[in-house]
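Here is the structure we will look at.
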Amino acid sequence: AEELFKSPLPARLVVLSACETGIGKAEAGDDFLGLARSFNLGGAVAVLNSLWPVNDKGTEVFMRAFHENLSKGPGAAWLAARNATRDAGFPIYVYSAFVLGGSVSR
C-alpha cells in the first residue's frame, strides 16, 4: 500500500481477487490504511476487494460473472456476480466477502 501511494497506478477500476485484499489498519483519526485507499488516492475510481479468505471456486464464479457484466458498469457487475455466486449455491460468506468501493456508476 505504501508503494502504491508513493508511485500511483491510476486506473478506472482495480480488481483485487485475492483473499483479504480489503484488510487495512486504522490510524489516528479517520485514516484507514490499506490497498484500496492507496489505489483510490492514486486515481482509481473504484476498487473491488475481499475482506476475508474466500473459496477458490466461489471466487472464480464471482469474478467470471463480474467481468462478463462490466459493460453494464461496476455496480451492476457486482450485483450480477453476487447473484451468480448465490444462484450457484455458494453460501453468503463467499460472495459477501467482495466489496466494491468508490464510484460505481458507468
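The way I read the labels, and the way they are meant: chains A, B, ... in the order of the C-alpha cells, residue 1 as the first residue of every chain, and ligand 1 as the first ligand shown, with later ones counted on from there.
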Within 9 Å of region 44-55 of chain A using only C-alpha atoms, minus same-chain residues under 4 positions, as an NGL selection string: :A and (9-23 or 35-40 or 59-60 or 74 or 78 or 93-104)
How about saving the chosen residues, N, CA, C and O atoms kept, as a compact mmCIF listing (two decimals), in the first residue's frame?
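Below you can see again.txt, which holds the result:
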# COMPACT_ATOMS: atom_id res chain seq x y z
N LEU A 9 -0.71 4.24 -9.45
CA LEU A 9 -1.05 3.49 -10.65
C LEU A 9 -2.51 3.79 -10.95
O LEU A 9 -3.41 3.08 -10.52
N PRO A 10 -2.76 4.91 -11.65
CA PRO A 10 -4.16 5.31 -11.86
C PRO A 10 -4.91 4.31 -12.73
O PRO A 10 -4.37 3.78 -13.69
N ALA A 11 -6.14 4.05 -12.36
CA ALA A 11 -6.99 3.13 -13.11
C ALA A 11 -8.44 3.48 -12.80
O ALA A 11 -8.76 3.97 -11.73
N ARG A 12 -9.31 3.22 -13.76
CA ARG A 12 -10.74 3.45 -13.51
C ARG A 12 -11.26 2.41 -12.52
O ARG A 12 -12.05 2.71 -11.65
N LEU A 13 -10.82 1.16 -12.67
CA LEU A 13 -11.28 0.07 -11.80
C LEU A 13 -10.10 -0.82 -11.46
O LEU A 13 -9.34 -1.23 -12.34
N VAL A 14 -9.95 -1.13 -10.18
CA VAL A 14 -8.94 -2.07 -9.71
C VAL A 14 -9.68 -3.25 -9.10
O VAL A 14 -10.56 -3.06 -8.25
N VAL A 15 -9.33 -4.47 -9.53
CA VAL A 15 -9.95 -5.69 -9.01
C VAL A 15 -8.87 -6.48 -8.29
O VAL A 15 -7.88 -6.89 -8.90
N LEU A 16 -9.08 -6.69 -7.00
CA LEU A 16 -8.16 -7.45 -6.16
C LEU A 16 -8.89 -8.71 -5.71
O LEU A 16 -9.66 -8.67 -4.77
N SER A 17 -8.66 -9.82 -6.39
CA SER A 17 -9.45 -11.02 -6.12
C SER A 17 -8.82 -11.95 -5.09
O SER A 17 -9.42 -12.96 -4.73
N ALA A 18 -7.64 -11.65 -4.61
CA ALA A 18 -7.01 -12.50 -3.60
C ALA A 18 -7.68 -12.32 -2.24
O ALA A 18 -8.40 -11.34 -2.01
N CYS A 19 -7.43 -13.24 -1.35
CA CYS A 19 -8.02 -13.19 -0.02
C CYS A 19 -7.55 -11.98 0.78
O CYS A 19 -6.39 -11.60 0.73
N GLU A 20 -8.48 -11.38 1.48
CA GLU A 20 -8.22 -10.32 2.45
C GLU A 20 -7.54 -9.08 1.87
O GLU A 20 -6.83 -8.36 2.57
N THR A 21 -7.78 -8.78 0.59
CA THR A 21 -7.14 -7.61 -0.02
C THR A 21 -7.78 -6.31 0.46
O THR A 21 -7.23 -5.24 0.21
N GLY A 22 -8.92 -6.39 1.12
CA GLY A 22 -9.57 -5.20 1.65
C GLY A 22 -9.20 -4.91 3.09
O GLY A 22 -9.68 -3.94 3.68
N ILE A 23 -8.34 -5.73 3.66
CA ILE A 23 -7.93 -5.53 5.05
C ILE A 23 -6.98 -4.34 5.13
O ILE A 23 -6.13 -4.14 4.27
N LEU A 35 -4.70 -1.33 0.78
CA LEU A 35 -4.56 -1.29 -0.66
C LEU A 35 -5.63 -0.45 -1.34
O LEU A 35 -5.33 0.34 -2.24
N ALA A 36 -6.88 -0.62 -0.94
CA ALA A 36 -7.97 0.11 -1.59
C ALA A 36 -7.75 1.62 -1.47
O ALA A 36 -7.87 2.36 -2.45
N ARG A 37 -7.41 2.09 -0.30
CA ARG A 37 -7.17 3.52 -0.08
C ARG A 37 -6.03 4.01 -0.95
O ARG A 37 -6.10 5.08 -1.55
N SER A 38 -4.96 3.22 -1.02
CA SER A 38 -3.82 3.62 -1.84
C SER A 38 -4.19 3.71 -3.31
O SER A 38 -3.77 4.64 -4.01
N PHE A 39 -4.96 2.76 -3.81
CA PHE A 39 -5.41 2.83 -5.20
C PHE A 39 -6.31 4.03 -5.42
O PHE A 39 -6.20 4.72 -6.43
N ASN A 40 -7.22 4.30 -4.48
CA ASN A 40 -8.10 5.46 -4.61
C ASN A 40 -7.31 6.76 -4.62
O ASN A 40 -7.56 7.65 -5.44
N THR A 59 -14.87 -17.81 -5.72
CA THR A 59 -14.21 -16.62 -6.27
C THR A 59 -14.21 -16.68 -7.79
O THR A 59 -14.45 -15.67 -8.46
N GLU A 60 -13.96 -17.84 -8.34
CA GLU A 60 -13.97 -17.99 -9.80
C GLU A 60 -15.34 -17.65 -10.37
O GLU A 60 -15.44 -16.90 -11.35
N PRO A 74 -19.59 -1.06 -13.00
CA PRO A 74 -19.12 -1.87 -11.87
C PRO A 74 -20.19 -2.25 -10.87
O PRO A 74 -20.19 -3.36 -10.34
N TRP A 78 -21.17 -6.03 -10.05
CA TRP A 78 -21.09 -6.62 -8.71
C TRP A 78 -22.39 -7.34 -8.37
O TRP A 78 -22.37 -8.46 -7.84
N TYR A 93 -21.32 -16.06 2.92
CA TYR A 93 -19.99 -15.59 3.28
C TYR A 93 -19.01 -15.64 2.12
O TYR A 93 -17.97 -14.98 2.16
N VAL A 94 -19.33 -16.37 1.06
CA VAL A 94 -18.44 -16.40 -0.11
C VAL A 94 -18.59 -15.11 -0.91
O VAL A 94 -17.63 -14.39 -1.14
N TYR A 95 -19.81 -14.80 -1.34
CA TYR A 95 -19.98 -13.61 -2.17
C TYR A 95 -20.01 -12.31 -1.39
O TYR A 95 -19.70 -11.25 -1.93
N SER A 96 -20.31 -12.35 -0.11
CA SER A 96 -20.33 -11.10 0.66
C SER A 96 -18.92 -10.67 1.07
O SER A 96 -18.75 -9.57 1.59
N ALA A 97 -17.91 -11.50 0.82
CA ALA A 97 -16.54 -11.10 1.10
C ALA A 97 -16.09 -9.99 0.17
O ALA A 97 -15.22 -9.19 0.52
N PHE A 98 -16.71 -9.91 -1.01
CA PHE A 98 -16.29 -8.95 -2.02
C PHE A 98 -17.04 -7.63 -1.88
O PHE A 98 -18.27 -7.61 -1.90
N VAL A 99 -16.29 -6.57 -1.71
CA VAL A 99 -16.89 -5.24 -1.58
C VAL A 99 -16.36 -4.35 -2.70
O VAL A 99 -15.22 -4.47 -3.12
N LEU A 100 -17.24 -3.48 -3.16
CA LEU A 100 -16.89 -2.54 -4.22
C LEU A 100 -17.00 -1.14 -3.65
O LEU A 100 -18.06 -0.74 -3.17
N GLY A 101 -15.91 -0.42 -3.67
CA GLY A 101 -15.91 0.93 -3.14
C GLY A 101 -15.53 1.94 -4.20
O GLY A 101 -14.86 1.61 -5.18
N GLY A 102 -15.97 3.16 -4.01
CA GLY A 102 -15.69 4.22 -4.97
C GLY A 102 -16.92 4.55 -5.78
O GLY A 102 -18.04 4.28 -5.36
N SER A 103 -16.71 5.07 -6.96
CA SER A 103 -17.83 5.40 -7.85
C SER A 103 -18.22 4.16 -8.62
O SER A 103 -17.41 3.58 -9.34
N VAL A 104 -19.46 3.74 -8.48
CA VAL A 104 -19.91 2.51 -9.12
C VAL A 104 -20.80 2.77 -10.32
O VAL A 104 -21.36 1.85 -10.90
Length of the CA of Gly75 (chain A) to CA of Leu4 (chain A) vector [Å]: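 CA of Gly75 (chain A) sits 24.3 Å away from CA of Leu4 (chain A).
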Strand (DSSP E) positions in region 3-105 of chain A, given as number ranges by chain: A: 13-15, 24-26, 32-34, 46-50, 98-102
Write out the residues from the selection above, keeping N, CA and C atoms, as an mmCIF file, in the first residue's frame.
data_model
loop_
_atom_site.group_PDB
_atom_site.id
_atom_site.type_symbol
_atom_site.label_atom_id
_atom_site.label_comp_id
_atom_site.auth_asym_id
_atom_site.auth_seq_id
_atom_site.Cartn_x
_atom_site.Cartn_y
_atom_site.Cartn_z
ATOM 1 N N LEU A 13 -10.818 1.156 -12.666
ATOM 2 C CA LEU A 13 -11.280 0.068 -11.797
ATOM 3 C C LEU A 13 -10.097 -0.822 -11.455
ATOM 4 N N VAL A 14 -9.951 -1.128 -10.181
ATOM 5 C CA VAL A 14 -8.939 -2.073 -9.715
ATOM 6 C C VAL A 14 -9.681 -3.251 -9.099
ATOM 7 N N VAL A 15 -9.332 -4.465 -9.531
ATOM 8 C CA VAL A 15 -9.950 -5.686 -9.009
ATOM 9 C C VAL A 15 -8.873 -6.476 -8.291
ATOM 10 N N GLY A 24 -7.132 -3.561 6.140
ATOM 11 C CA GLY A 24 -6.250 -2.418 6.371
ATOM 12 C C GLY A 24 -6.115 -2.210 7.855
ATOM 13 N N LYS A 25 -5.544 -1.105 8.221
ATOM 14 C CA LYS A 25 -5.459 -0.811 9.649
ATOM 15 C C LYS A 25 -5.840 0.638 9.887
ATOM 16 N N ALA A 26 -6.488 0.840 10.997
ATOM 17 C CA ALA A 26 -6.919 2.187 11.371
ATOM 18 C C ALA A 26 -5.748 2.929 11.989
ATOM 19 N N PHE A 32 -7.807 5.107 7.360
ATOM 20 C CA PHE A 32 -7.819 3.655 7.260
ATOM 21 C C PHE A 32 -6.853 3.300 6.147
ATOM 22 N N LEU A 33 -5.736 2.718 6.500
ATOM 23 C CA LEU A 33 -4.680 2.449 5.537
ATOM 24 C C LEU A 33 -4.804 1.036 4.978
ATOM 25 N N GLY A 34 -4.683 0.921 3.663
ATOM 26 C CA GLY A 34 -4.743 -0.376 3.013
ATOM 27 C C GLY A 34 -4.632 -0.208 1.507
ATOM 28 N N ALA A 46 -12.794 3.147 -8.745
ATOM 29 C CA ALA A 46 -13.459 2.111 -7.945
ATOM 30 C C ALA A 46 -12.482 0.970 -7.672
ATOM 31 N N VAL A 47 -12.661 0.317 -6.530
ATOM 32 C CA VAL A 47 -11.816 -0.819 -6.147
ATOM 33 C C VAL A 47 -12.723 -1.939 -5.642
ATOM 34 N N LEU A 48 -12.505 -3.136 -6.176
ATOM 35 C CA LEU A 48 -13.185 -4.345 -5.708
ATOM 36 C C LEU A 48 -12.158 -5.174 -4.961
ATOM 37 N N ASN A 49 -12.480 -5.547 -3.711
ATOM 38 C CA ASN A 49 -11.557 -6.359 -2.932
ATOM 39 C C ASN A 49 -12.328 -7.274 -2.002
ATOM 40 N N SER A 50 -11.581 -8.139 -1.308
ATOM 41 C CA SER A 50 -12.241 -9.074 -0.387
ATOM 42 C C SER A 50 -11.817 -8.780 1.044
ATOM 43 N N PHE A 98 -16.713 -9.915 -1.010
ATOM 44 C CA PHE A 98 -16.291 -8.948 -2.016
ATOM 45 C C PHE A 98 -17.044 -7.635 -1.876
ATOM 46 N N VAL A 99 -16.294 -6.566 -1.707
ATOM 47 C CA VAL A 99 -16.887 -5.242 -1.575
ATOM 48 C C VAL A 99 -16.364 -4.352 -2.700
ATOM 49 N N LEU A 100 -17.242 -3.485 -3.162
ATOM 50 C CA LEU A 100 -16.894 -2.541 -4.221
ATOM 51 C C LEU A 100 -17.000 -1.138 -3.653
ATOM 52 N N GLY A 101 -15.911 -0.425 -3.674
ATOM 53 C CA GLY A 101 -15.912 0.929 -3.143
ATOM 54 C C GLY A 101 -15.526 1.942 -4.199
ATOM 55 N N GLY A 102 -15.975 3.156 -4.006
ATOM 56 C CA GLY A 102 -15.686 4.222 -4.970
ATOM 57 C C GLY A 102 -16.925 4.547 -5.779
#
